[in-house]
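**Student:** Just so it is clear, I am handing over upload_28.cif, which has mmCIF, C-alpha atoms and all ligand atoms.
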```
data_final
#
loop_
_atom_site.label_atom_id
_atom_site.label_comp_id
_atom_site.auth_asym_id
_atom_site.auth_seq_id
_atom_site.Cartn_x
_atom_site.Cartn_y
_atom_site.Cartn_z
CA MET A 1 49.12 -22.08 -29.12
CA LYS A 2 50.57 -25.01 -31.04
CA THR A 3 50.96 -28.47 -29.52
CA LEU A 4 52.86 -31.44 -30.88
CA TRP A 5 51.27 -34.68 -29.69
CA HIS A 6 53.87 -37.38 -30.24
CA HIS A 7 54.91 -40.93 -29.33
CA CYS A 8 51.68 -42.45 -30.65
CA ASN A 9 50.13 -44.44 -33.48
CA ALA A 10 47.15 -42.97 -35.29
CA ALA A 11 44.07 -44.62 -36.79
CA THR A 12 43.40 -41.61 -39.00
CA MET A 13 40.42 -42.63 -41.20
CA ALA A 14 41.96 -40.28 -43.76
CA ASN A 15 40.87 -40.35 -47.41
CA GLY A 16 37.50 -41.96 -46.86
CA ALA A 17 38.33 -45.27 -45.20
CA TYR A 18 40.11 -46.90 -42.26
CA SER A 19 43.81 -46.04 -42.44
CA SER A 20 46.62 -45.73 -39.93
CA ILE A 21 50.10 -44.30 -39.32
CA GLU A 22 52.50 -46.00 -36.91
CA ASP A 23 54.90 -43.82 -34.90
CA ALA A 24 52.86 -40.74 -35.70
CA ALA A 25 52.69 -37.17 -34.48
CA ILE A 26 49.89 -34.62 -34.57
CA LEU A 27 50.44 -30.87 -34.61
CA THR A 28 47.47 -28.87 -33.41
CA ASP A 29 47.03 -25.12 -33.62
CA GLY A 30 44.29 -24.10 -31.19
CA PRO A 31 41.19 -26.12 -32.02
CA ARG A 32 42.43 -27.43 -35.41
CA ILE A 33 44.79 -30.10 -36.65
CA GLU A 34 47.54 -28.32 -38.56
CA TRP A 35 49.55 -31.38 -39.54
CA ILE A 36 49.53 -35.15 -38.98
CA GLY A 37 52.02 -37.71 -40.26
CA PRO A 38 55.00 -39.90 -39.37
CA ARG A 39 56.89 -38.48 -36.37
CA ALA A 40 60.14 -38.37 -38.32
CA ALA A 41 58.56 -35.83 -40.68
CA ALA A 42 56.98 -33.66 -37.98
CA PRO A 43 57.51 -29.93 -38.34
CA GLU A 44 59.64 -28.95 -35.33
CA SER A 45 59.28 -25.62 -33.65
CA ASP A 46 60.54 -24.34 -30.31
CA ALA A 47 57.29 -22.43 -29.82
CA CYS A 48 55.41 -25.74 -29.56
CA LYS A 49 54.16 -27.39 -26.40
CA ARG A 50 54.97 -31.12 -26.59
CA VAL A 51 52.76 -33.88 -25.19
CA ASP A 52 54.09 -37.45 -24.90
CA LEU A 53 51.20 -39.88 -25.54
CA GLN A 54 53.28 -42.82 -24.28
CA GLY A 55 52.70 -45.14 -27.21
CA ALA A 56 48.91 -44.76 -27.25
CA TRP A 57 46.71 -45.44 -30.29
CA VAL A 58 44.96 -42.22 -31.33
CA THR A 59 41.56 -42.29 -33.01
CA PRO A 60 39.25 -39.47 -34.02
CA GLY A 61 36.85 -38.47 -31.26
CA LEU A 62 33.99 -40.96 -31.43
CA VAL A 63 30.66 -39.83 -32.90
CA ASP A 64 27.33 -41.27 -31.67
CA CYS A 65 25.16 -40.30 -34.64
CA HIS A 66 21.77 -41.66 -33.46
CA THR A 67 20.57 -41.14 -29.89
CA HIS A 68 17.32 -40.39 -28.10
CA LEU A 69 19.34 -39.17 -25.13
CA VAL A 70 16.71 -36.78 -23.73
CA PHE A 71 13.70 -38.45 -22.12
CA GLY A 72 11.75 -38.62 -18.89
CA GLY A 73 11.52 -41.72 -16.70
CA ASP A 74 12.74 -45.15 -17.72
CA ARG A 75 11.11 -48.39 -18.91
CA SER A 76 12.88 -50.99 -16.77
CA GLY A 77 9.47 -52.24 -15.61
CA GLU A 78 8.50 -52.99 -19.20
CA PHE A 79 11.85 -54.68 -19.68
CA GLU A 80 10.93 -57.06 -16.84
CA GLU A 81 7.49 -57.68 -18.34
CA ARG A 82 8.94 -58.41 -21.77
CA LEU A 83 11.24 -60.98 -20.17
CA GLN A 84 8.08 -62.66 -18.86
CA GLY A 85 6.76 -62.86 -22.43
CA VAL A 86 4.55 -59.76 -22.70
CA SER A 87 5.07 -58.36 -26.20
CA TYR A 88 6.18 -54.85 -27.17
CA ALA A 89 2.89 -54.52 -29.11
CA ASP A 90 0.78 -55.53 -26.06
CA ILE A 91 2.59 -52.99 -23.91
CA ALA A 92 2.05 -50.30 -26.56
CA ALA A 93 -1.65 -51.24 -26.91
CA ARG A 94 -2.34 -50.59 -23.24
CA GLY A 95 -0.67 -47.17 -23.42
CA GLY A 96 2.88 -48.11 -22.43
CA GLY A 97 5.91 -48.11 -24.68
CA ILE A 98 6.69 -44.84 -26.44
CA ALA A 99 3.42 -43.33 -25.09
CA GLY A 100 4.63 -43.93 -21.54
CA THR A 101 7.88 -42.08 -22.22
CA VAL A 102 5.90 -39.28 -23.87
CA ARG A 103 3.85 -38.83 -20.67
CA ALA A 104 6.98 -38.84 -18.49
CA THR A 105 8.80 -36.43 -20.82
CA ARG A 106 5.89 -34.00 -21.03
CA ALA A 107 5.59 -34.03 -17.22
CA ALA A 108 9.30 -33.43 -16.60
CA SER A 109 10.73 -29.92 -16.26
CA GLU A 110 13.38 -28.81 -18.73
CA ASP A 111 15.93 -28.78 -15.90
CA ALA A 112 15.10 -32.33 -14.84
CA LEU A 113 15.42 -33.55 -18.43
CA PHE A 114 18.69 -31.66 -18.73
CA ASP A 115 20.18 -33.16 -15.55
CA ALA A 116 19.38 -36.73 -16.61
CA ALA A 117 20.62 -36.15 -20.17
CA ARG A 118 23.82 -34.49 -18.94
CA THR A 119 24.68 -37.55 -16.84
CA ARG A 120 24.20 -39.84 -19.83
CA ALA A 121 26.17 -37.53 -22.14
CA LEU A 122 29.01 -37.30 -19.63
CA GLY A 123 29.22 -41.11 -19.61
CA LEU A 124 29.65 -41.06 -23.39
CA LEU A 125 32.26 -38.31 -23.20
CA ARG A 126 34.29 -40.32 -20.68
CA GLU A 127 34.54 -43.18 -23.16
CA GLY A 128 35.78 -40.88 -25.92
CA VAL A 129 32.58 -39.69 -27.61
CA THR A 130 33.08 -36.03 -28.54
CA THR A 131 30.11 -35.59 -30.90
CA ILE A 132 26.54 -36.78 -30.44
CA GLU A 133 23.21 -36.46 -32.17
CA VAL A 134 20.16 -35.96 -29.95
CA LYS A 135 16.63 -36.49 -31.21
CA SER A 136 13.38 -35.09 -29.93
CA GLY A 137 10.31 -37.29 -30.42
CA TYR A 138 9.03 -37.92 -26.89
CA GLY A 139 7.21 -34.58 -26.72
CA LEU A 140 4.97 -34.81 -29.79
CA ASP A 141 3.53 -31.36 -29.21
CA LEU A 142 5.17 -28.02 -29.87
CA PRO A 143 6.07 -27.02 -26.28
CA SER A 144 7.40 -30.47 -25.37
CA GLU A 145 9.40 -30.96 -28.58
CA ARG A 146 10.83 -27.48 -28.03
CA LYS A 147 11.74 -28.42 -24.45
CA MET A 148 13.63 -31.51 -25.65
CA LEU A 149 15.50 -29.63 -28.38
CA ARG A 150 16.44 -26.85 -25.96
CA VAL A 151 17.95 -29.49 -23.67
CA ALA A 152 20.01 -30.72 -26.65
CA ARG A 153 21.31 -27.18 -27.21
CA ARG A 154 22.07 -26.74 -23.50
CA LEU A 155 24.14 -29.95 -23.46
CA ALA A 156 26.49 -28.38 -26.00
CA ASP A 157 26.91 -25.33 -23.76
CA ALA A 158 27.41 -27.36 -20.57
CA LEU A 159 29.83 -30.04 -21.81
CA PRO A 160 32.82 -30.09 -24.16
CA LEU A 161 30.72 -31.94 -26.71
CA THR A 162 29.46 -31.19 -30.22
CA VAL A 163 25.70 -31.79 -30.34
CA ARG A 164 23.45 -32.01 -33.41
CA ALA A 165 19.75 -31.67 -32.64
CA THR A 166 17.25 -33.62 -34.76
CA CYS A 167 13.51 -33.01 -34.71
CA LEU A 168 11.71 -36.37 -34.61
CA ALA A 169 8.17 -35.04 -34.11
CA ALA A 170 7.03 -37.80 -36.53
CA HIS A 171 8.07 -40.56 -34.09
CA ALA A 172 4.65 -41.70 -32.89
CA LEU A 173 1.06 -40.52 -32.87
CA PRO A 174 0.29 -38.37 -29.81
CA PRO A 175 -2.95 -39.15 -27.92
CA GLU A 176 -4.51 -35.83 -29.05
CA TYR A 177 -4.40 -37.10 -32.63
CA ALA A 178 -5.48 -40.72 -32.01
CA ALA A 179 -6.68 -42.25 -35.31
CA ARG A 180 -5.90 -38.97 -37.12
CA PRO A 181 -2.30 -39.46 -38.31
CA ASP A 182 -2.69 -37.24 -41.39
CA ASP A 183 -3.89 -34.37 -39.22
CA TYR A 184 -0.85 -34.79 -36.96
CA ILE A 185 1.47 -34.77 -40.00
CA GLY A 186 -0.28 -31.57 -41.10
CA HIS A 187 0.34 -30.05 -37.66
CA ILE A 188 4.03 -31.01 -37.84
CA CYS A 189 4.39 -29.39 -41.27
CA ASP A 190 2.25 -26.31 -40.69
CA VAL A 191 3.10 -25.47 -37.08
CA MET A 192 5.82 -27.43 -35.36
CA LEU A 193 8.66 -27.56 -37.88
CA PRO A 194 8.37 -23.94 -39.05
CA ALA A 195 8.42 -22.72 -35.44
CA LEU A 196 11.26 -24.96 -34.23
CA VAL A 197 13.41 -24.27 -37.30
CA ALA A 198 12.84 -20.51 -36.91
CA GLU A 199 13.97 -20.79 -33.31
CA GLY A 200 17.26 -22.33 -34.46
CA LEU A 201 16.62 -25.59 -32.63
CA VAL A 202 16.76 -28.01 -35.57
CA ASP A 203 19.83 -29.30 -37.44
CA ALA A 204 17.99 -32.18 -39.15
CA VAL A 205 14.50 -33.70 -39.43
CA ASP A 206 13.84 -37.40 -38.82
CA ALA A 207 10.73 -39.63 -38.92
CA PHE A 208 9.80 -43.22 -38.08
CA CYS A 209 8.64 -44.99 -41.25
CA GLU A 210 6.98 -48.21 -40.13
CA HIS A 211 3.55 -49.85 -40.11
CA ILE A 212 3.33 -49.08 -36.37
CA ALA A 213 4.33 -45.43 -36.99
CA PHE A 214 4.05 -43.40 -40.23
CA SER A 215 3.60 -44.47 -43.85
CA PRO A 216 6.02 -43.54 -46.64
CA GLN A 217 3.41 -41.05 -47.93
CA GLN A 218 3.18 -39.36 -44.54
CA VAL A 219 6.97 -39.32 -44.18
CA GLU A 220 7.25 -37.74 -47.61
CA ARG A 221 5.06 -34.82 -46.51
CA VAL A 222 7.44 -34.23 -43.60
CA PHE A 223 10.47 -34.47 -45.92
CA ARG A 224 8.98 -31.98 -48.37
CA CYS A 225 8.36 -29.56 -45.53
CA ALA A 226 11.93 -29.99 -44.25
CA GLN A 227 13.25 -29.42 -47.75
CA GLU A 228 11.27 -26.18 -48.05
CA LEU A 229 12.70 -25.07 -44.73
CA GLY A 230 16.22 -25.93 -45.92
CA VAL A 231 16.87 -28.62 -43.29
CA PRO A 232 18.44 -32.01 -44.15
CA VAL A 233 16.52 -35.22 -43.42
CA LYS A 234 17.20 -38.71 -42.07
CA LEU A 235 14.91 -41.66 -41.43
CA HIS A 236 14.19 -44.62 -39.15
CA ALA A 237 13.63 -47.15 -41.94
CA GLU A 238 13.14 -50.89 -42.46
CA GLN A 239 13.50 -51.71 -38.75
CA LEU A 240 10.57 -54.12 -38.51
CA SER A 241 9.41 -54.49 -42.12
CA SER A 242 10.29 -53.46 -45.67
CA LEU A 243 8.47 -50.27 -46.72
CA HIS A 244 11.38 -48.95 -48.83
CA GLY A 245 11.75 -45.95 -46.58
CA ALA A 246 15.47 -46.12 -47.32
CA THR A 247 14.78 -45.51 -51.02
CA LEU A 248 12.44 -42.65 -50.12
CA ALA A 249 15.14 -41.19 -47.89
CA ALA A 250 17.65 -41.47 -50.74
CA ARG A 251 15.28 -39.57 -53.05
CA TYR A 252 15.39 -36.68 -50.56
CA ARG A 253 19.21 -36.93 -50.33
CA ALA A 254 18.91 -37.92 -46.68
CA LEU A 255 22.03 -37.74 -44.55
CA SER A 256 21.26 -41.25 -43.29
CA ALA A 257 18.76 -44.08 -43.16
CA ASP A 258 18.90 -45.92 -39.85
CA HIS A 259 18.17 -49.49 -38.57
CA LEU A 260 17.72 -51.15 -42.03
CA GLU A 261 17.32 -54.80 -40.96
CA TYR A 262 14.68 -55.37 -43.67
CA MET A 263 16.20 -53.25 -46.46
CA THR A 264 16.69 -54.66 -49.97
CA GLU A 265 19.60 -54.49 -52.39
CA ALA A 266 17.61 -51.95 -54.44
CA ASP A 267 17.35 -49.72 -51.33
CA ALA A 268 21.14 -50.01 -50.94
CA GLU A 269 21.65 -49.01 -54.57
CA ALA A 270 19.48 -45.94 -54.13
CA MET A 271 21.37 -44.97 -50.97
CA ALA A 272 24.71 -45.37 -52.73
CA GLN A 273 23.60 -43.01 -55.47
CA SER A 274 22.49 -40.30 -53.06
CA GLY A 275 25.43 -40.70 -50.66
CA THR A 276 23.09 -41.60 -47.81
CA VAL A 277 24.84 -43.27 -44.87
CA ALA A 278 23.51 -46.58 -43.48
CA VAL A 279 23.37 -46.27 -39.69
CA LEU A 280 23.21 -49.71 -38.03
CA LEU A 281 21.89 -49.97 -34.48
CA PRO A 282 22.89 -53.26 -32.87
CA GLY A 283 21.54 -52.24 -29.43
CA ALA A 284 17.92 -52.24 -30.63
CA PHE A 285 18.51 -55.41 -32.66
CA TYR A 286 19.82 -57.11 -29.52
CA LEU A 287 17.18 -55.89 -27.09
CA LEU A 288 14.30 -56.84 -29.40
CA ARG A 289 15.94 -60.24 -29.97
CA GLU A 290 15.66 -59.54 -33.70
CA THR A 291 16.98 -62.30 -35.95
CA GLN A 292 16.98 -60.54 -39.33
CA CYS A 293 20.42 -58.90 -39.74
CA PRO A 294 20.85 -55.78 -41.84
CA PRO A 295 22.27 -56.81 -45.26
CA VAL A 296 25.86 -55.82 -44.62
CA ASP A 297 27.14 -57.60 -47.75
CA ALA A 298 24.73 -55.65 -49.96
CA LEU A 299 25.84 -52.41 -48.32
CA ARG A 300 29.48 -53.32 -48.92
CA ARG A 301 28.77 -54.31 -52.53
CA GLN A 302 26.99 -51.04 -53.21
CA ARG A 303 29.68 -49.08 -51.32
CA VAL A 304 27.20 -47.48 -48.94
CA PRO A 305 29.08 -45.96 -45.99
CA ILE A 306 28.18 -47.88 -42.82
CA ALA A 307 27.92 -46.11 -39.46
CA LEU A 308 27.18 -47.62 -36.04
CA ALA A 309 25.33 -45.84 -33.24
CA SER A 310 23.82 -46.51 -29.82
CA ASP A 311 20.16 -45.57 -30.55
CA MET A 312 20.19 -44.82 -26.81
CA ASN A 313 16.50 -44.76 -25.87
CA PRO A 314 14.50 -46.02 -22.90
CA GLY A 315 12.51 -48.63 -24.85
CA THR A 316 14.50 -50.61 -27.36
CA SER A 317 18.12 -49.65 -26.68
CA PRO A 318 18.98 -48.41 -23.19
CA ALA A 319 22.61 -48.41 -24.33
CA LEU A 320 24.82 -46.09 -22.33
CA SER A 321 27.99 -47.07 -24.21
CA LEU A 322 28.98 -46.53 -27.84
CA ARG A 323 32.05 -48.72 -27.39
CA LEU A 324 29.81 -51.65 -26.52
CA MET A 325 28.13 -51.07 -29.91
CA LEU A 326 31.51 -51.62 -31.59
CA ASN A 327 31.60 -55.12 -30.17
CA MET A 328 27.95 -55.77 -30.99
CA GLY A 329 28.37 -54.47 -34.56
CA CYS A 330 31.16 -57.01 -35.05
CA THR A 331 29.62 -59.92 -33.15
CA LEU A 332 26.01 -59.55 -34.32
CA PHE A 333 26.43 -57.99 -37.79
CA ARG A 334 29.88 -59.39 -38.70
CA LEU A 335 31.46 -56.01 -39.30
CA THR A 336 35.24 -56.07 -39.11
CA PRO A 337 36.76 -54.06 -36.24
CA GLU A 338 38.13 -51.63 -38.86
CA GLU A 339 34.65 -51.17 -40.35
CA ALA A 340 33.18 -50.73 -36.87
CA LEU A 341 35.73 -48.06 -35.96
CA ALA A 342 35.15 -46.20 -39.24
CA GLY A 343 31.44 -46.54 -38.40
CA VAL A 344 31.71 -44.56 -35.16
CA THR A 345 34.07 -41.93 -36.60
CA LEU A 346 34.26 -41.18 -40.31
CA HIS A 347 30.85 -42.41 -41.45
CA ALA A 348 29.04 -41.30 -38.28
CA ALA A 349 30.30 -37.75 -38.85
CA ARG A 350 28.97 -37.91 -42.40
CA ALA A 351 25.60 -39.14 -41.11
CA LEU A 352 25.42 -35.82 -39.23
CA GLY A 353 26.61 -33.69 -42.15
CA LEU A 354 29.83 -32.99 -40.24
CA ASP A 355 32.24 -34.78 -42.57
CA ALA A 356 34.07 -31.57 -43.57
CA THR A 357 35.21 -30.96 -39.98
CA HIS A 358 34.90 -34.18 -37.95
CA GLY A 359 35.34 -37.94 -38.11
CA SER A 360 38.96 -38.25 -39.25
CA LEU A 361 42.42 -37.04 -38.30
CA GLU A 362 43.45 -34.79 -41.17
CA ALA A 363 45.02 -31.36 -41.50
CA GLY A 364 42.33 -28.70 -41.29
CA LYS A 365 39.86 -30.76 -39.28
CA THR A 366 38.81 -30.16 -35.69
CA ALA A 367 41.32 -31.49 -33.14
CA ASP A 368 38.94 -33.97 -31.49
CA PHE A 369 40.77 -37.20 -30.71
CA VAL A 370 41.20 -39.96 -28.16
CA ALA A 371 44.51 -41.51 -27.09
CA TRP A 372 43.81 -45.09 -26.00
CA ARG A 373 46.22 -47.18 -23.97
CA ILE A 374 45.79 -50.27 -26.15
CA GLY A 375 48.13 -52.37 -28.29
CA ARG A 376 45.92 -52.62 -31.40
CA PRO A 377 42.86 -50.67 -32.65
CA ALA A 378 40.86 -53.93 -32.82
CA GLU A 379 40.84 -53.91 -29.01
CA LEU A 380 38.26 -51.12 -29.16
CA SER A 381 35.82 -53.64 -30.63
CA TYR A 382 37.12 -56.63 -28.72
CA TRP A 383 36.64 -55.68 -25.06
CA LEU A 384 33.01 -55.97 -23.99
CA GLY A 385 32.13 -52.77 -22.22
CA GLY A 386 34.09 -51.54 -19.22
CA ALA A 387 36.29 -48.47 -19.21
CA LEU A 388 39.44 -48.39 -21.33
CA PRO A 389 42.10 -45.95 -20.17
CA ALA A 390 41.96 -43.02 -22.53
CA ARG A 391 42.88 -39.36 -22.78
CA VAL A 392 40.26 -37.30 -24.55
CA VAL A 393 41.22 -34.18 -26.53
CA ARG A 394 38.44 -31.91 -27.73
CA GLY A 395 39.12 -28.86 -29.86
CA GLY A 396 42.86 -29.18 -29.12
CA GLU A 397 42.42 -29.26 -25.32
CA GLU A 398 42.82 -32.35 -23.16
CA LEU A 399 39.74 -32.87 -21.00
CA ASP A 400 40.10 -32.97 -17.25
CA PHE A 401 37.36 -35.29 -16.04
CA ALA A 402 38.00 -34.43 -12.40
CA HIS A 403 36.41 -31.06 -13.22
CA LEU A 404 33.48 -32.52 -15.14
CA ASN A 405 31.69 -34.37 -12.40
CA ALA A 406 28.15 -35.61 -12.69
N1 LIG A 501 12.85 -46.96 -33.24
C1 LIG A 501 13.29 -47.40 -32.08
O1 LIG A 501 13.93 -48.40 -31.90
C2 LIG A 501 12.91 -46.42 -31.06
N2 LIG A 501 12.25 -45.43 -31.81
C3 LIG A 501 12.23 -45.79 -33.06
O2 LIG A 501 11.73 -45.10 -33.93
C4 LIG A 501 12.03 -46.96 -29.98
C5 LIG A 501 11.69 -45.87 -29.03
C6 LIG A 501 11.00 -46.35 -27.78
O3 LIG A 501 10.55 -47.50 -27.67
O4 LIG A 501 10.93 -45.52 -26.86
FE FE A 502 16.05 -44.45 -32.91
#
```
Show this structure as structure tokens.

**Tutor:**
Amino acid sequence: MKTLWHHCNAATMANGAYSSIEDAAILTDGPRIEWIGPRAAAPESDACKRVDLQGAWVTPGLVDCHTHLVFGGDRSGEFEERLQGVSYADIAARGGGIAGTVRATRAASEDALFDAARTRALGLLREGVTTIEVKSGYGLDLPSERKMLRVARRLADALPLTVRATCLAAHALPPEYAARPDDYIGHICDVMLPALVAEGLVDAVDAFCEHIAFSPQQVERVFRCAQELGVPVKLHAEQLSSLHGATLAARYRALSADHLEYMTEADAEAMAQSGTVAVLLPGAFYLLRETQCPPVDALRRQRVPIALASDMNPGTSPALSLRLMLNMGCTLFRLTPEEALAGVTLHAARALGLDATHGSLEAGKTADFVAWRIGRPAELSYWLGGALPARVVRGGEELDFAHLNA
């Protein structure tokens, strides 16, 4: 069934950058875009259903390319303590922080994790996010990592949402391996990744490269293993210090390197050469009251594609809104609203290896788009949170939120 969506303007992101068409129309054929262009040039056919978008601005469906959406419990108590001056490191040293979420996640049933994650994912969908990445990394043993990744797969079955599952077993050291990080890396490479990849649960492999997590040498062992298994990699890099994880990621042709506050120009050059996307995470920057901004000018100079994501996680970024990240990317990192919008569509899709099918409005791509009742695309970055009236189309079908209740 073909549908002509008309009476709209389109921020298409076609041809690799922000771009737009005023007075546009979009012809969809089932789940694909068949044609998009100025309304006056639209192919007319009587067999078409017509939908009047009432002057809305249409963007690609938003893509949240870095989330830790599946986890047990919450850390609002630690949030209160940190406001009283207790440091993240102190909390971690007494067994809180990531370790606390690992305990809660291991203890939770798969169904309980699924219910909580579904509610969070539905919130994203309501604000126009049609594709998300979900990381494991709060299980840190084979059964618990498997449980998290299965929840990620179930989300894609339960909601009209494209989900990419990333194995982040190398997120933190589990208590069973205290003071034995190399043994844990060996366990990831010899046991966990081969099993989880064989079970079809892994679309990408991630690691946390930081002095409080894993060294570049340890990360490289994980990357080599992923490469042998034929799975693309990405990396949490340069969040708290400069270890040149971004350059290491580029050497392994990583889809993305994420955080990047402490990256250097040389890291940016390496990323440009390998086509690795820079994923900036203003939610974690904000919550940690970080003052070192990622080097946006160096990324621009080197023409590294810049994505923005929520990093939704219970510790450093309990961010339930990707649209809020648009504002924070502009306000905190000085991105332009056009860069921010490209960062949650075009470049975010590329950070997930989905650039052939998602992230822009072009003939042949998946018909995932959002029709916003706004006067200018910059409003998406301008309003601070809240709900903007929007109609969400996924795979050529308009979503009916009344039938998608939490
Ligand atoms: N970087 C982060 O900001 C989160 N993980 C990571 O590698 C923090 C996760 C947490 O505190 O639970
Ligand atoms: Fe993260």

**Student:** Find the residues near region 112-123 of chain A: any atom within 10 Å, counting all atoms listed in the file, skip ones fewer than 5 places away on the same chain, and give them as an NGL selection string.

**Tutor:** :A and (68-73 or 104-107 or 128-132 or 134 or 147-148 or 150-156 or 158-161 or 312 or 319-322 or 401 or 404-406)

**Student:** Using C-alpha atoms, can you export the residues from the last selection as a PDB file, keeping the file's coordinate frame?

**Tutor:**
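Written output follows (again_23.pdb):
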```
ATOM      1  CA  HIS A  68      17.320 -40.390 -28.100  1.00  0.00           C
ATOM      2  CA  LEU A  69      19.340 -39.170 -25.130  1.00  0.00           C
ATOM      3  CA  VAL A  70      16.710 -36.780 -23.730  1.00  0.00           C
ATOM      4  CA  PHE A  71      13.700 -38.450 -22.120  1.00  0.00           C
ATOM      5  CA  GLY A  72      11.750 -38.620 -18.890  1.00  0.00           C
ATOM      6  CA  GLY A  73      11.520 -41.720 -16.700  1.00  0.00           C
ATOM      7  CA  ALA A 104       6.980 -38.840 -18.490  1.00  0.00           C
ATOM      8  CA  THR A 105       8.800 -36.430 -20.820  1.00  0.00           C
ATOM      9  CA  ARG A 106       5.890 -34.000 -21.030  1.00  0.00           C
ATOM     10  CA  ALA A 107       5.590 -34.030 -17.220  1.00  0.00           C
ATOM     11  CA  GLY A 128      35.780 -40.880 -25.920  1.00  0.00           C
ATOM     12  CA  VAL A 129      32.580 -39.690 -27.610  1.00  0.00           C
ATOM     13  CA  THR A 130      33.080 -36.030 -28.540  1.00  0.00           C
ATOM     14  CA  THR A 131      30.110 -35.590 -30.900  1.00  0.00           C
ATOM     15  CA  ILE A 132      26.540 -36.780 -30.440  1.00  0.00           C
ATOM     16  CA  VAL A 134      20.160 -35.960 -29.950  1.00  0.00           C
ATOM     17  CA  LYS A 147      11.740 -28.420 -24.450  1.00  0.00           C
ATOM     18  CA  MET A 148      13.630 -31.510 -25.650  1.00  0.00           C
ATOM     19  CA  ARG A 150      16.440 -26.850 -25.960  1.00  0.00           C
ATOM     20  CA  VAL A 151      17.950 -29.490 -23.670  1.00  0.00           C
ATOM     21  CA  ALA A 152      20.010 -30.720 -26.650  1.00  0.00           C
ATOM     22  CA  ARG A 153      21.310 -27.180 -27.210  1.00  0.00           C
ATOM     23  CA  ARG A 154      22.070 -26.740 -23.500  1.00  0.00           C
ATOM     24  CA  LEU A 155      24.140 -29.950 -23.460  1.00  0.00           C
ATOM     25  CA  ALA A 156      26.490 -28.380 -26.000  1.00  0.00           C
ATOM     26  CA  ALA A 158      27.410 -27.360 -20.570  1.00  0.00           C
ATOM     27  CA  LEU A 159      29.830 -30.040 -21.810  1.00  0.00           C
ATOM     28  CA  PRO A 160      32.820 -30.090 -24.160  1.00  0.00           C
ATOM     29  CA  LEU A 161      30.720 -31.940 -26.710  1.00  0.00           C
ATOM     30  CA  MET A 312      20.190 -44.820 -26.810  1.00  0.00           C
ATOM     31  CA  ALA A 319      22.610 -48.410 -24.330  1.00  0.00           C
ATOM     32  CA  LEU A 320      24.820 -46.090 -22.330  1.00  0.00           C
ATOM     33  CA  SER A 321      27.990 -47.070 -24.210  1.00  0.00           C
ATOM     34  CA  LEU A 322      28.980 -46.530 -27.840  1.00  0.00           C
ATOM     35  CA  PHE A 401      37.360 -35.290 -16.040  1.00  0.00           C
ATOM     36  CA  LEU A 404      33.480 -32.520 -15.140  1.00  0.00           C
ATOM     37  CA  ASN A 405      31.690 -34.370 -12.400  1.00  0.00           C
ATOM     38  CA  ALA A 406      28.150 -35.610 -12.690  1.00  0.00           C
TER      39      ALA A 406
END
```

**Student:** For Lys49 (chain A), work out the shell of residues within 10 Å, counting all atoms listed in the file and skipping chain neighbours fewer than 4 positions away, then give it as a ChimeraX atom specification.

**Tutor:** /A:1-5,27-28,45

**Student:** Would you save the residues of that selection, restricted to C-alpha atoms, as a PDB file, keeping the file's coordinate frame?

**Tutor:**
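Final output, selection_18.pdb:
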```pdb
ATOM      1  CA  MET A   1      49.120 -22.080 -29.120  1.00  0.00           C
ATOM      2  CA  LYS A   2      50.570 -25.010 -31.040  1.00  0.00           C
ATOM      3  CA  THR A   3      50.960 -28.470 -29.520  1.00  0.00           C
ATOM      4  CA  LEU A   4      52.860 -31.440 -30.880  1.00  0.00           C
ATOM      5  CA  TRP A   5      51.270 -34.680 -29.690  1.00  0.00           C
ATOM      6  CA  LEU A  27      50.440 -30.870 -34.610  1.00  0.00           C
ATOM      7  CA  THR A  28      47.470 -28.870 -33.410  1.00  0.00           C
ATOM      8  CA  SER A  45      59.280 -25.620 -33.650  1.00  0.00           C
TER       9      SER A  45
END
```

**Student:** Which residues sit within 7 Å of ligand FE 502 (chain A), counting only C-alpha atoms and all ligand atoms, listed as a list of chain:residue names?

**Tutor:**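 I would give the residues around ligand FE 502 (chain A) as A:His66, A:Thr67, A:His68, A:His236, A:Asp311.
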
**Student:** Hey, what's within 10 Å of Gly200 (chain A) if we count only C-alpha atoms and toss same-chain stuff fewer than 2 positions away? As a PyMOL selection string, please?

**Tutor:** chain A and resi 149-150+153+165+195-198+202-203

**Student:** Could you list, as an NGL selection string, all the residues within 10 Å of ligand LIG 501 (chain A), counting all atoms listed in the file?

**Tutor:** :A and (67-68 or 71 or 74-75 or 88 or 92 or 96-102 or 135 or 137-138 or 168 or 170-172 or 206-210 or 212-213 or 235-237 or 239-240 or 258-259 or 281 or 283-285 or 287-288 or 311-318)

**Student:** So which one's closest to Leu280 (chain A), A:Cys65, A:Thr166, A:Ala250, A:Arg301? Using all atoms listed in the file, please.

**Tutor:**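 That would be A:Cys65, the residue with the smallest distance to Leu280 (chain A).
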
**Student:** Extract, using all atoms listed in the file, all DNA, RNA and protein residues at most 12 Å from Met192 (chain A), discarding same-chain residues fewer than 6 positions from it, and format them as a PyMOL selection string.

**Tutor:** chain A and resi 137+139-146+167-170+184-186+198-199+201-202+205+222+225-226+229

**Student:** Could you tell me, as a list in words, which residues have any atom at most 8 Å from (37.6, -26.6, -35.6), counting all atoms listed in the file?

**Tutor:** Pro31, Arg32, Thr357, Gly364, Lys365, Thr366, Ala367 and Gly395 of chain A

**Student:** Please give the centre and size of the box around region 319-336 of chain A (axis-aligned, containing every atom listed in the file, 4 Å added per side), with values in Å to one decimal and written as JSON.

**Tutor:**
```
{"center_x": 28.9, "center_y": -53.0, "center_z": -30.8, "size_x": 20.6, "size_y": 21.8, "size_z": 25.0}
```
